[in-house]
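Student: Supplied structure: coords21.txt, compact mmCIF, C-alpha atoms and all ligand atoms.
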```txt
# COMPACT_ATOMS: atom_id res chain seq x y z
CA MET A 1 10.35 12.63 2.16
CA HIS A 2 6.59 12.21 1.90
CA LYS A 3 4.67 9.22 3.27
CA ASP A 4 4.20 6.42 0.77
CA PHE A 5 7.47 6.89 -1.00
CA PHE A 6 8.12 3.36 -2.18
CA VAL A 7 11.37 1.50 -1.66
CA VAL A 8 10.87 -1.86 -3.32
CA ALA A 9 13.55 -4.54 -3.18
CA ASN A 10 13.56 -7.09 -5.98
CA TRP A 11 15.73 -9.96 -4.82
CA LYS A 12 15.20 -11.86 -8.08
CA MET A 13 16.37 -15.51 -7.72
CA ASN A 14 18.58 -14.91 -4.70
CA LYS A 15 18.64 -16.16 -1.09
CA ASN A 16 17.24 -19.42 0.24
CA SER A 17 15.03 -19.40 3.33
CA ALA A 18 17.93 -19.61 5.81
CA GLU A 19 19.66 -16.67 4.08
CA THR A 20 16.39 -14.74 4.08
CA LYS A 21 16.02 -15.30 7.82
CA ALA A 22 19.59 -14.14 8.47
CA TYR A 23 19.04 -11.01 6.34
CA LEU A 24 15.82 -10.11 8.18
CA HIS A 25 17.44 -10.54 11.61
CA GLU A 26 20.28 -8.31 10.44
CA LEU A 27 17.77 -5.78 9.08
CA SER A 28 15.90 -5.70 12.38
CA GLY A 29 19.17 -5.09 14.26
CA LEU A 30 20.37 -2.37 11.88
CA LEU A 31 17.03 -0.56 11.92
CA ALA A 32 17.08 -0.56 15.72
CA ARG A 33 20.16 1.65 15.47
CA CYS A 34 18.63 4.02 12.87
CA SER A 35 16.47 7.02 13.56
CA PHE A 36 12.68 6.74 13.55
CA ARG A 37 12.61 8.69 10.25
CA VAL A 38 14.20 5.86 8.25
CA LEU A 39 11.11 3.65 8.12
CA LYS A 40 8.26 5.97 8.95
CA SER A 41 8.34 8.07 5.81
CA LYS A 42 8.41 5.16 3.39
CA ARG A 43 6.61 2.07 2.26
CA VAL A 44 9.23 -0.68 2.12
CA VAL A 45 8.34 -3.75 0.08
CA LEU A 46 10.57 -6.82 -0.10
CA CYS A 47 9.89 -8.93 -3.20
CA VAL A 48 11.49 -12.25 -2.38
CA PRO A 49 11.48 -15.69 -4.05
CA PHE A 50 8.34 -17.79 -3.43
CA THR A 51 10.30 -20.08 -1.10
CA SER A 52 11.17 -17.14 1.18
CA LEU A 53 7.67 -15.68 1.50
CA SER A 54 6.72 -17.59 4.67
CA VAL A 55 10.00 -16.62 6.36
CA LEU A 56 9.36 -12.96 5.52
CA VAL A 57 5.82 -13.15 6.90
CA GLU A 58 7.09 -14.76 10.13
CA CYS A 59 9.94 -12.27 10.55
CA LYS A 60 7.54 -9.32 10.53
CA GLU A 61 7.25 -10.16 14.25
CA LEU A 62 10.85 -8.96 14.74
CA PRO A 63 11.42 -5.45 16.12
CA TYR A 64 11.09 -2.70 13.47
CA LEU A 65 9.86 -5.05 10.76
CA SER A 66 6.11 -4.96 11.39
CA GLU A 67 5.49 -2.40 8.64
CA LEU A 68 7.47 -4.24 5.97
CA CYS A 69 5.27 -5.20 3.02
CA VAL A 70 5.53 -8.67 1.55
CA GLY A 71 6.06 -8.93 -2.20
CA ALA A 72 6.31 -11.71 -4.80
CA GLN A 73 7.93 -11.58 -8.23
CA ASN A 74 5.46 -13.38 -10.47
CA CYS A 75 1.96 -14.87 -10.61
CA HIS A 76 -0.21 -16.83 -13.02
CA PHE A 77 -3.53 -15.41 -14.24
CA SER A 78 -5.61 -18.53 -13.62
CA GLY A 79 -7.17 -19.22 -10.24
CA SER A 80 -6.14 -22.89 -10.30
CA GLY A 81 -5.59 -25.72 -12.76
CA ALA A 82 -3.06 -27.70 -14.74
CA PHE A 83 -0.23 -25.14 -14.81
CA THR A 84 2.75 -27.05 -13.46
CA GLY A 85 5.14 -24.86 -11.54
CA GLU A 86 2.88 -21.82 -11.40
CA ILE A 87 1.39 -19.89 -8.45
CA SER A 88 -2.03 -18.18 -8.43
CA ALA A 89 -3.00 -14.78 -7.04
CA ASN A 90 -5.18 -16.44 -4.42
CA MET A 91 -2.21 -18.55 -3.27
CA LEU A 92 -0.15 -15.38 -2.85
CA VAL A 93 -2.88 -13.55 -0.93
CA SER A 94 -3.43 -16.50 1.38
CA SER A 95 0.34 -16.65 2.04
CA GLY A 96 0.32 -13.05 3.30
CA VAL A 97 1.53 -11.34 0.14
CA ASP A 98 0.58 -7.67 -0.42
CA TYR A 99 2.44 -6.78 -3.65
CA VAL A 100 3.55 -8.57 -6.80
CA ILE A 101 5.99 -7.52 -9.52
CA LEU A 102 4.66 -8.27 -13.02
CA GLY A 103 6.08 -7.64 -16.47
CA HIS A 104 9.70 -7.42 -15.37
CA SER A 105 11.97 -7.23 -18.41
CA GLU A 106 13.67 -10.47 -17.32
CA ARG A 107 10.31 -12.23 -17.60
CA ARG A 108 9.52 -10.54 -20.92
CA ILE A 109 12.93 -11.34 -22.44
CA LEU A 110 13.99 -14.64 -20.81
CA PHE A 111 10.56 -16.24 -20.47
CA GLY A 112 8.81 -14.80 -23.52
CA GLU A 113 6.03 -13.03 -21.63
CA THR A 114 3.95 -10.93 -24.01
CA ASP A 115 1.99 -7.74 -23.31
CA GLU A 116 -1.22 -9.76 -23.55
CA PHE A 117 -0.01 -12.40 -21.07
CA ILE A 118 1.14 -9.72 -18.63
CA SER A 119 -2.15 -7.88 -18.97
CA ARG A 120 -4.09 -11.00 -17.95
CA LYS A 121 -1.83 -11.47 -14.93
CA VAL A 122 -2.29 -7.85 -13.83
CA SER A 123 -6.09 -8.14 -14.01
CA ALA A 124 -6.10 -11.42 -12.08
CA CYS A 125 -3.86 -10.06 -9.33
CA LEU A 126 -5.77 -6.78 -8.91
CA ASN A 127 -9.06 -8.69 -8.81
CA CYS A 128 -7.66 -10.80 -5.97
CA GLY A 129 -6.70 -7.73 -3.94
CA LEU A 130 -2.95 -7.67 -4.64
CA LYS A 131 -1.16 -4.44 -5.42
CA VAL A 132 0.74 -4.76 -8.69
CA ILE A 133 4.11 -3.28 -9.57
CA LEU A 134 4.03 -3.25 -13.38
CA CYS A 135 7.48 -2.92 -14.96
CA VAL A 136 7.85 -1.14 -18.27
CA GLY A 137 10.87 0.10 -20.18
CA GLU A 138 12.74 0.15 -23.44
CA ASP A 139 15.90 -1.72 -24.37
CA SER A 140 19.00 0.04 -25.69
CA SER A 141 18.23 -0.46 -29.39
CA GLU A 142 14.69 0.85 -28.90
CA ARG A 143 16.10 3.93 -27.15
CA LYS A 144 18.73 4.48 -29.85
CA SER A 145 16.11 4.29 -32.58
CA GLY A 146 13.82 6.78 -30.81
CA LYS A 147 11.14 4.23 -29.93
CA THR A 148 11.14 4.69 -26.12
CA ALA A 149 7.78 6.45 -25.98
CA ASP A 150 6.10 3.98 -28.36
CA VAL A 151 7.33 0.94 -26.44
CA ILE A 152 6.26 2.27 -23.07
CA LYS A 153 2.88 3.42 -24.35
CA ARG A 154 2.25 -0.01 -25.85
CA GLN A 155 3.23 -1.77 -22.61
CA ILE A 156 0.98 0.44 -20.47
CA ASP A 157 -1.99 0.61 -22.85
CA SER A 158 -2.12 -3.17 -23.19
CA VAL A 159 -2.70 -3.43 -19.44
CA LEU A 160 -4.87 -0.41 -18.79
CA VAL A 161 -7.41 -0.93 -21.56
CA GLN A 162 -8.46 -4.12 -19.75
CA LEU A 163 -8.93 -2.52 -16.33
CA GLU A 164 -11.93 -0.88 -14.67
CA GLU A 165 -10.95 2.57 -13.49
CA ASN A 166 -11.61 1.68 -9.86
CA ARG A 167 -8.87 -0.99 -10.02
CA ILE A 168 -6.16 1.31 -11.39
CA SER A 169 -5.20 2.89 -8.05
CA ASP A 170 -3.75 -0.45 -6.87
CA LEU A 171 -1.24 -0.33 -9.69
CA ILE A 172 2.28 1.09 -9.41
CA VAL A 173 4.23 1.56 -12.63
CA ALA A 174 7.97 0.97 -12.46
CA TYR A 175 10.01 2.59 -15.22
CA GLU A 176 12.95 0.23 -15.66
CA PRO A 177 14.99 0.96 -18.79
CA VAL A 178 16.38 -2.47 -19.72
CA TRP A 179 19.79 -0.98 -20.51
CA ALA A 180 20.15 0.36 -16.94
CA ILE A 181 19.32 -2.92 -15.17
CA GLY A 182 22.42 -4.46 -13.59
CA ALA A 183 24.55 -2.01 -15.58
CA GLY A 184 26.03 -0.16 -12.62
CA ILE A 185 24.96 3.17 -14.13
CA SER A 186 21.37 4.33 -13.84
CA ALA A 187 19.52 6.40 -16.41
CA SER A 188 20.31 10.12 -16.03
CA LEU A 189 18.00 12.23 -13.90
CA ALA A 190 16.82 14.04 -17.04
CA GLU A 191 16.02 10.74 -18.77
CA VAL A 192 14.13 9.44 -15.73
CA ASN A 193 12.18 12.66 -15.34
CA GLU A 194 11.25 12.83 -19.00
CA VAL A 195 9.93 9.26 -19.16
CA ALA A 196 8.21 9.51 -15.75
CA GLY A 197 6.30 12.56 -17.01
CA PHE A 198 5.36 10.72 -20.17
CA ILE A 199 4.12 7.71 -18.16
CA ASP A 200 2.14 9.97 -15.83
CA ASN A 201 0.35 11.55 -18.81
CA ILE A 202 -0.64 8.14 -20.17
CA LEU A 203 -1.88 7.07 -16.73
CA LYS A 204 -3.87 10.27 -16.24
CA SER A 205 -5.69 9.67 -19.51
CA TYR A 206 -7.19 6.52 -17.94
CA CYS A 207 -8.18 8.19 -14.67
CA THR A 208 -11.12 10.35 -15.65
CA LEU A 209 -13.13 9.98 -12.42
CA SER A 210 -10.55 10.88 -9.80
CA SER A 211 -7.00 12.15 -9.92
CA LYS A 212 -6.44 10.22 -6.65
CA SER A 213 -6.50 6.95 -8.58
CA VAL A 214 -3.54 7.85 -10.82
CA PRO A 215 -0.90 5.14 -10.19
CA LYS A 216 2.43 6.07 -8.67
CA VAL A 217 5.52 5.94 -10.88
CA ILE A 218 8.76 4.52 -9.50
CA TYR A 219 12.22 4.06 -11.06
CA GLY A 220 14.44 0.98 -11.22
CA GLY A 221 17.80 0.28 -12.85
CA SER A 222 21.12 0.44 -10.95
CA VAL A 223 19.69 2.30 -7.97
CA SER A 224 22.32 2.49 -5.22
CA LYS A 225 23.10 4.37 -2.04
CA ARG A 226 25.05 6.85 -4.19
CA ASN A 227 22.28 7.90 -6.59
CA VAL A 228 19.07 7.20 -4.65
CA LYS A 229 18.79 10.61 -3.04
CA ASP A 230 18.87 12.49 -6.35
CA ILE A 231 16.42 10.06 -7.96
CA ALA A 232 14.06 10.32 -4.97
CA HIS A 233 13.96 14.08 -5.28
CA LEU A 234 12.67 14.04 -8.85
CA SER A 235 9.17 15.46 -8.76
CA GLY A 236 7.63 12.75 -10.94
CA ILE A 237 9.12 9.82 -9.03
CA ASP A 238 7.29 8.22 -6.09
CA GLY A 239 9.74 5.47 -5.29
CA VAL A 240 12.59 3.21 -6.35
CA LEU A 241 12.87 -0.44 -7.32
CA VAL A 242 16.21 -1.81 -6.20
CA GLY A 243 17.77 -5.02 -7.47
CA ARG A 244 21.37 -5.90 -6.66
CA ALA A 245 21.87 -3.22 -4.01
CA SER A 246 19.00 -4.64 -1.96
CA LEU A 247 20.73 -8.00 -1.51
CA ASN A 248 23.26 -6.63 0.94
CA CYS A 249 21.38 -5.68 4.09
CA ARG A 250 23.74 -2.86 5.07
CA GLU A 251 23.57 -1.36 1.63
CA PHE A 252 19.78 -1.56 1.64
CA VAL A 253 19.67 0.23 5.01
CA ASP A 254 22.04 2.86 3.58
CA ILE A 255 19.54 3.37 0.75
CA LEU A 256 16.67 3.74 3.22
CA SER A 257 18.72 6.18 5.28
CA ALA A 258 19.71 8.29 2.28
CA ILE A 259 16.14 9.34 1.46
P1 LIG A 301 19.50 -3.55 -10.49
O1 LIG A 301 19.15 -2.61 -9.35
O2 LIG A 301 20.38 -4.67 -10.08
O3 LIG A 301 19.97 -2.79 -11.69
O4 LIG A 301 18.13 -4.28 -10.91
C1 LIG A 301 17.03 -3.51 -11.20
C2 LIG A 301 15.86 -4.37 -11.32
O5 LIG A 301 15.76 -5.16 -12.25
C3 LIG A 301 14.84 -4.29 -10.26
O6 LIG A 301 13.66 -4.91 -10.65
```
Using structure tokens, write down the structure that the file contains.

Tutor:
Amino acid sequence: MHKDFFVVANWKMNKNSAETKAYLHELSGLLARCSFRVLKSKRVVLCVPFTSLSVLVECKELPYLSELCVGAQNCHFSGSGAFTGEISANMLVSSGVDYVILGHSERRILFGETDEFISRKVSACLNCGLKVILCVGEDSSERKSGKTADVIKRQIDSVLVQLEENRISDLIVAYEPVWAIGAGISASLAEVNEVAGFIDNILKSYCTLSSKSVPKVIYGGSVSKRNVKDIAHLSGIDGVLVGRASLNCREFVDILSAI
């Protein structure tokens, strides 16, 4: 597996700080028993709840965890102000955060986040030096009615038209078909490959100066230790975004070991 293959864990709203600490101690112990290969070939990002960020930053001192990247799951686009309950990009950076997930379908569907709102968040985070994992994907009715390509193009265009080309390389696009999230069955390899290729073509159309700035494309939706190897070998896929299977430390290490 090539360097910079992403394995991103999205814990969603799971684990308090004590549980986070226990997980990270277990992770350190399990990795000590794995071969060198398991961590070296990948970029592992843990996207934890806001309340667990400081624990994650502290636990990077533990053996084998120094290269873990710290991720958050949301961010507001304003620098500061009267936005009760929100967190700014600067607050994340100053807390030691490297990556942030934006545009997750749970935020689009459950919290009414629009393309325009997400686009403002992406710009604010990139401008502050965060790397952004932008989630895109169609729901089952959009897929059934043949609208997958239109939906994904709209979601990506709304973000990329706002960005200077030199900011685009800090973006990672996660293809997460809504119907595969938490479903127990991922999209088929052919479906993932087809949409990843489509996404890559859209991204390339925005990267006219250098092909090096084309964002990586990763896949999320029921990734597990059973299917991760096949997904990781798809030529258009540079990583995986893992929800439920990342919550169990042993299972997450099995995923890391499988690729
Ligand atoms: P599951 O891996 O639980 O399907 O969740 C995927 C996801 O939403 C990651 O962001």

Student: Give one line per residue of chain A that approaches ligand LIG 301 (chain A) to at most 10 Å, naming the two atoms of the closest pair and their distance in Å to one decimal, counting all atoms listed in the file; sort by chain then ascending residue number and deliver it as CSV.

Tutor:
```
residue,atom,partner,partner_atom,distance
A:Val8,CA,A:LIG301,C3,8.4
A:Ala9,CA,A:LIG301,C3,7.2
A:Asn10,CA,A:LIG301,O6,5.2
A:Trp11,CA,A:LIG301,C3,7.9
A:Lys12,CA,A:LIG301,O6,7.6
A:Cys47,CA,A:LIG301,O6,9.3
A:Gln73,CA,A:LIG301,O6,9.1
A:Ile101,CA,A:LIG301,O6,8.2
A:Leu102,CA,A:LIG301,O6,9.9
A:Gly103,CA,A:LIG301,O6,9.9
A:His104,CA,A:LIG301,O6,6.7
A:Ser105,CA,A:LIG301,O5,7.5
A:Glu106,CA,A:LIG301,O5,7.6
A:Ile133,CA,A:LIG301,O6,9.7
A:Cys135,CA,A:LIG301,O6,7.8
A:Ala174,CA,A:LIG301,O6,8.4
A:Tyr175,CA,A:LIG301,O6,9.5
A:Glu176,CA,A:LIG301,C2,7.0
A:Pro177,CA,A:LIG301,O5,9.0
A:Val178,CA,A:LIG301,O5,8.0
A:Trp179,CA,A:LIG301,O3,9.0
A:Ala180,CA,A:LIG301,O3,6.1
A:Ile181,CA,A:LIG301,O3,3.5
A:Gly182,CA,A:LIG301,O3,3.5
A:Ala183,CA,A:LIG301,O3,6.1
A:Gly184,CA,A:LIG301,O3,6.7
A:Ile185,CA,A:LIG301,O3,8.1
A:Ser186,CA,A:LIG301,O3,7.6
A:Tyr219,CA,A:LIG301,C3,8.8
A:Gly220,CA,A:LIG301,C1,5.2
A:Gly221,CA,A:LIG301,O3,3.9
A:Ser222,CA,A:LIG301,O3,3.5
A:Val223,CA,A:LIG301,O1,5.1
A:Ser224,CA,A:LIG301,O1,7.3
A:Val240,CA,A:LIG301,C3,8.8
A:Leu241,CA,A:LIG301,C3,5.2
A:Val242,CA,A:LIG301,O1,4.4
A:Gly243,CA,A:LIG301,O1,3.4
A:Arg244,CA,A:LIG301,O2,3.8
A:Ala245,CA,A:LIG301,O1,6.0
A:Ser246,CA,A:LIG301,O1,7.7
A:Leu247,CA,A:LIG301,O2,9.2
```

Student: Keeping only C-alpha atoms, write the selected residues as a PDB file, in the coordinates of the input.

Tutor:
```pdb
ATOM      1  CA  VAL A   8      10.870  -1.860  -3.320  1.00  0.00           C
ATOM      2  CA  ALA A   9      13.550  -4.540  -3.180  1.00  0.00           C
ATOM      3  CA  ASN A  10      13.560  -7.090  -5.980  1.00  0.00           C
ATOM      4  CA  TRP A  11      15.730  -9.960  -4.820  1.00  0.00           C
ATOM      5  CA  LYS A  12      15.200 -11.860  -8.080  1.00  0.00           C
ATOM      6  CA  CYS A  47       9.890  -8.930  -3.200  1.00  0.00           C
ATOM      7  CA  GLN A  73       7.930 -11.580  -8.230  1.00  0.00           C
ATOM      8  CA  ILE A 101       5.990  -7.520  -9.520  1.00  0.00           C
ATOM      9  CA  LEU A 102       4.660  -8.270 -13.020  1.00  0.00           C
ATOM     10  CA  GLY A 103       6.080  -7.640 -16.470  1.00  0.00           C
ATOM     11  CA  HIS A 104       9.700  -7.420 -15.370  1.00  0.00           C
ATOM     12  CA  SER A 105      11.970  -7.230 -18.410  1.00  0.00           C
ATOM     13  CA  GLU A 106      13.670 -10.470 -17.320  1.00  0.00           C
ATOM     14  CA  ILE A 133       4.110  -3.280  -9.570  1.00  0.00           C
ATOM     15  CA  CYS A 135       7.480  -2.920 -14.960  1.00  0.00           C
ATOM     16  CA  ALA A 174       7.970   0.970 -12.460  1.00  0.00           C
ATOM     17  CA  TYR A 175      10.010   2.590 -15.220  1.00  0.00           C
ATOM     18  CA  GLU A 176      12.950   0.230 -15.660  1.00  0.00           C
ATOM     19  CA  PRO A 177      14.990   0.960 -18.790  1.00  0.00           C
ATOM     20  CA  VAL A 178      16.380  -2.470 -19.720  1.00  0.00           C
ATOM     21  CA  TRP A 179      19.790  -0.980 -20.510  1.00  0.00           C
ATOM     22  CA  ALA A 180      20.150   0.360 -16.940  1.00  0.00           C
ATOM     23  CA  ILE A 181      19.320  -2.920 -15.170  1.00  0.00           C
ATOM     24  CA  GLY A 182      22.420  -4.460 -13.590  1.00  0.00           C
ATOM     25  CA  ALA A 183      24.550  -2.010 -15.580  1.00  0.00           C
ATOM     26  CA  GLY A 184      26.030  -0.160 -12.620  1.00  0.00           C
ATOM     27  CA  ILE A 185      24.960   3.170 -14.130  1.00  0.00           C
ATOM     28  CA  SER A 186      21.370   4.330 -13.840  1.00  0.00           C
ATOM     29  CA  TYR A 219      12.220   4.060 -11.060  1.00  0.00           C
ATOM     30  CA  GLY A 220      14.440   0.980 -11.220  1.00  0.00           C
ATOM     31  CA  GLY A 221      17.800   0.280 -12.850  1.00  0.00           C
ATOM     32  CA  SER A 222      21.120   0.440 -10.950  1.00  0.00           C
ATOM     33  CA  VAL A 223      19.690   2.300  -7.970  1.00  0.00           C
ATOM     34  CA  SER A 224      22.320   2.490  -5.220  1.00  0.00           C
ATOM     35  CA  VAL A 240      12.590   3.210  -6.350  1.00  0.00           C
ATOM     36  CA  LEU A 241      12.870  -0.440  -7.320  1.00  0.00           C
ATOM     37  CA  VAL A 242      16.210  -1.810  -6.200  1.00  0.00           C
ATOM     38  CA  GLY A 243      17.770  -5.020  -7.470  1.00  0.00           C
ATOM     39  CA  ARG A 244      21.370  -5.900  -6.660  1.00  0.00           C
ATOM     40  CA  ALA A 245      21.870  -3.220  -4.010  1.00  0.00           C
ATOM     41  CA  SER A 246      19.000  -4.640  -1.960  1.00  0.00           C
ATOM     42  CA  LEU A 247      20.730  -8.000  -1.510  1.00  0.00           C
TER      43      LEU A 247
END
```

Student: Using all atoms listed in the file, determine which residues lie at most 10 Å from Val159 (chain A), disregarding the query and same-chain residues fewer than 6 positions distant; provide the list as a VMD selection string.

Tutor: chain A and resid 115 to 123 134 168

Student: Quick one: distance from CA of Leu30 (chain A) to CA of Cys249 (chain A) in Å, one decimal?

Tutor: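 Value for the CA of Leu30 (chain A)-CA of Cys249 (chain A) distance: 8.5 Å.
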
Student: My list of candidates is A:Ala72, A:Ile152, A:Met13, A:Leu46. Which is closest to Lys60 (chain A) when distances are computed with only C-alpha atoms?

Tutor: A:Leu46

Student: Env of Pro215 (chain A): 10 Å cut, atoms = all atoms listed in the file, seq-sep filter 6 positions within chain, self excluded. Answer as an MDAnalysis selection string.

Tutor: chainID A and resid 133 168:173 199:200 203:204 207 238

Student: Would you put the residues from that selection into a file with C-alpha atoms, as a compact mmCIF listing (two decimals), in the coordinates of the input?

Tutor:
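Once written, selection19.txt looks like this:
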```txt
# COMPACT_ATOMS: atom_id res chain seq x y z
CA ILE A 133 4.11 -3.28 -9.57
CA ILE A 168 -6.16 1.31 -11.39
CA SER A 169 -5.20 2.89 -8.05
CA ASP A 170 -3.75 -0.45 -6.87
CA LEU A 171 -1.24 -0.33 -9.69
CA ILE A 172 2.28 1.09 -9.41
CA VAL A 173 4.23 1.56 -12.63
CA ILE A 199 4.12 7.71 -18.16
CA ASP A 200 2.14 9.97 -15.83
CA LEU A 203 -1.88 7.07 -16.73
CA LYS A 204 -3.87 10.27 -16.24
CA CYS A 207 -8.18 8.19 -14.67
CA ASP A 238 7.29 8.22 -6.09
```

Student: Counting only C-alpha atoms, which residues have an atom no more than 12 Å from (10.8, 7.2, -26.7) in the file's coordinates? Please list them as a ChimeraX atom specification.

Tutor: /A:137-154,177,191-192,194-199

Student: So how many Å separate CA of Glu164 (chain A) and CA of Val97 (chain A), to one decimal?

Tutor: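 Answer for the CA of Glu164 (chain A) to CA of Val97 (chain A) separation: 22.6 Å.
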
Student: Taking only C-alpha atoms into account, which of A:Ala18, A:Ala89, A:Val136, A:Val38 comes nearest Ile255 (chain A)?

Tutor: A:Val38

Student: So what do you get for CA of Leu189 (chain A) versus CA of Phe5 (chain A), distance-wise?

Tutor: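 Those two atoms sit 17.5 Å apart.
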
Student: Restricting the calculation to only C-alpha atoms, which member of A:Val228, A:Val93, A:Val217, A:Ile259 is positioned closest to Ile202 (chain A)?

Tutor: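 Counting only C-alpha atoms, the residue closest to Ile202 (chain A) is A:Val217.
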
Student: Taking all atoms listed in the file into account, name the residue in A:Leu27, A:Leu65, A:Ile218, A:Arg250 that is nearest to Leu234 (chain A).

Tutor: A:Ile218

Student: Could you list, as a JSON list (two decimals) with C-alpha atoms, in the frame of the given file, every residue within 7 Å of Leu130 (chain A), counting only C-alpha atoms and ignoring same-chain residues fewer than 6 positions away?

Tutor:
```
[["chain", "number", "residue", "atom", "x", "y", "z"],
["A", 93, "VAL", "CA", -2.88, -13.55, -0.93],
["A", 98, "ASP", "CA", 0.58, -7.67, -0.42],
["A", 99, "TYR", "CA", 2.44, -6.78, -3.65],
["A", 100, "VAL", "CA", 3.55, -8.57, -6.80]]
```

Student: Find, counting all atoms listed in the file, the residue in A:Asn248, A:Asn193, A:Ser52, A:Ser205 that gets nearest to Ile231 (chain A).

Tutor: A:Asn193

Student: Go through A:Ser95, A:Asn127, A:Asp4, A:Gly85 one by one, measure the shortest atom-to-atom distance of each to Glu67 (chain A) using all atoms listed in the file, and give the residue with the smallest value.

Tutor: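 Counting all atoms listed in the file, the residue closest to Glu67 (chain A) is A:Asp4.
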
Student: Got a minute to add N, CA and C atoms to region 135-153 of chain A and dump it as a PDB file, in the frame of the given file?

Tutor:
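File out.pdb, as written:
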```pdb
ATOM      1  N   CYS A 135       6.229  -3.447 -14.410  1.00  0.00           N
ATOM      2  CA  CYS A 135       7.480  -2.920 -14.960  1.00  0.00           C
ATOM      3  C   CYS A 135       7.343  -2.647 -16.448  1.00  0.00           C
ATOM      4  N   VAL A 136       7.814  -1.481 -16.853  1.00  0.00           N
ATOM      5  CA  VAL A 136       7.850  -1.140 -18.270  1.00  0.00           C
ATOM      6  C   VAL A 136       9.213  -0.516 -18.578  1.00  0.00           C
ATOM      7  N   GLY A 137       9.605  -0.539 -19.826  1.00  0.00           N
ATOM      8  CA  GLY A 137      10.870   0.100 -20.180  1.00  0.00           C
ATOM      9  C   GLY A 137      11.398  -0.404 -21.504  1.00  0.00           C
ATOM     10  N   GLU A 138      12.183   0.443 -22.119  1.00  0.00           N
ATOM     11  CA  GLU A 138      12.740   0.150 -23.440  1.00  0.00           C
ATOM     12  C   GLU A 138      14.123  -0.473 -23.331  1.00  0.00           C
ATOM     13  N   ASP A 139      14.522  -1.229 -24.363  1.00  0.00           N
ATOM     14  CA  ASP A 139      15.900  -1.720 -24.370  1.00  0.00           C
ATOM     15  C   ASP A 139      16.783  -0.706 -25.107  1.00  0.00           C
ATOM     16  N   SER A 140      18.100  -0.992 -25.171  1.00  0.00           N
ATOM     17  CA  SER A 140      19.000   0.040 -25.690  1.00  0.00           C
ATOM     18  C   SER A 140      18.755   0.311 -27.172  1.00  0.00           C
ATOM     19  N   SER A 141      18.430  -0.736 -27.957  1.00  0.00           N
ATOM     20  CA  SER A 141      18.230  -0.460 -29.390  1.00  0.00           C
ATOM     21  C   SER A 141      16.937   0.320 -29.602  1.00  0.00           C
ATOM     22  N   GLU A 142      15.936   0.060 -28.787  1.00  0.00           N
ATOM     23  CA  GLU A 142      14.690   0.850 -28.900  1.00  0.00           C
ATOM     24  C   GLU A 142      14.961   2.310 -28.536  1.00  0.00           C
ATOM     25  N   ARG A 143      15.772   2.533 -27.510  1.00  0.00           N
ATOM     26  CA  ARG A 143      16.100   3.930 -27.150  1.00  0.00           C
ATOM     27  C   ARG A 143      16.870   4.595 -28.282  1.00  0.00           C
ATOM     28  N   LYS A 144      17.892   3.853 -28.803  1.00  0.00           N
ATOM     29  CA  LYS A 144      18.730   4.480 -29.850  1.00  0.00           C
ATOM     30  C   LYS A 144      17.912   4.817 -31.078  1.00  0.00           C
ATOM     31  N   SER A 145      16.894   4.000 -31.370  1.00  0.00           N
ATOM     32  CA  SER A 145      16.110   4.290 -32.580  1.00  0.00           C
ATOM     33  C   SER A 145      14.887   5.168 -32.286  1.00  0.00           C
ATOM     34  N   GLY A 146      14.877   5.797 -31.116  1.00  0.00           N
ATOM     35  CA  GLY A 146      13.820   6.780 -30.810  1.00  0.00           C
ATOM     36  C   GLY A 146      12.462   6.173 -30.539  1.00  0.00           C
ATOM     37  N   LYS A 147      12.452   4.894 -30.115  1.00  0.00           N
ATOM     38  CA  LYS A 147      11.140   4.230 -29.930  1.00  0.00           C
ATOM     39  C   LYS A 147      10.713   4.154 -28.457  1.00  0.00           C
ATOM     40  N   THR A 148      11.447   4.818 -27.563  1.00  0.00           N
ATOM     41  CA  THR A 148      11.140   4.690 -26.120  1.00  0.00           C
ATOM     42  C   THR A 148       9.664   4.950 -25.826  1.00  0.00           C
ATOM     43  N   ALA A 149       9.167   6.072 -26.306  1.00  0.00           N
ATOM     44  CA  ALA A 149       7.780   6.450 -25.980  1.00  0.00           C
ATOM     45  C   ALA A 149       6.791   5.421 -26.525  1.00  0.00           C
ATOM     46  N   ASP A 150       7.029   4.959 -27.745  1.00  0.00           N
ATOM     47  CA  ASP A 150       6.100   3.980 -28.360  1.00  0.00           C
ATOM     48  C   ASP A 150       6.069   2.677 -27.565  1.00  0.00           C
ATOM     49  N   VAL A 151       7.257   2.218 -27.168  1.00  0.00           N
ATOM     50  CA  VAL A 151       7.330   0.940 -26.440  1.00  0.00           C
ATOM     51  C   VAL A 151       6.602   1.046 -25.109  1.00  0.00           C
ATOM     52  N   ILE A 152       6.867   2.121 -24.404  1.00  0.00           N
ATOM     53  CA  ILE A 152       6.260   2.270 -23.070  1.00  0.00           C
ATOM     54  C   ILE A 152       4.752   2.461 -23.183  1.00  0.00           C
ATOM     55  N   LYS A 153       4.331   3.224 -24.174  1.00  0.00           N
ATOM     56  CA  LYS A 153       2.880   3.420 -24.350  1.00  0.00           C
ATOM     57  C   LYS A 153       2.201   2.088 -24.661  1.00  0.00           C
TER      58      LYS A 153
END
```
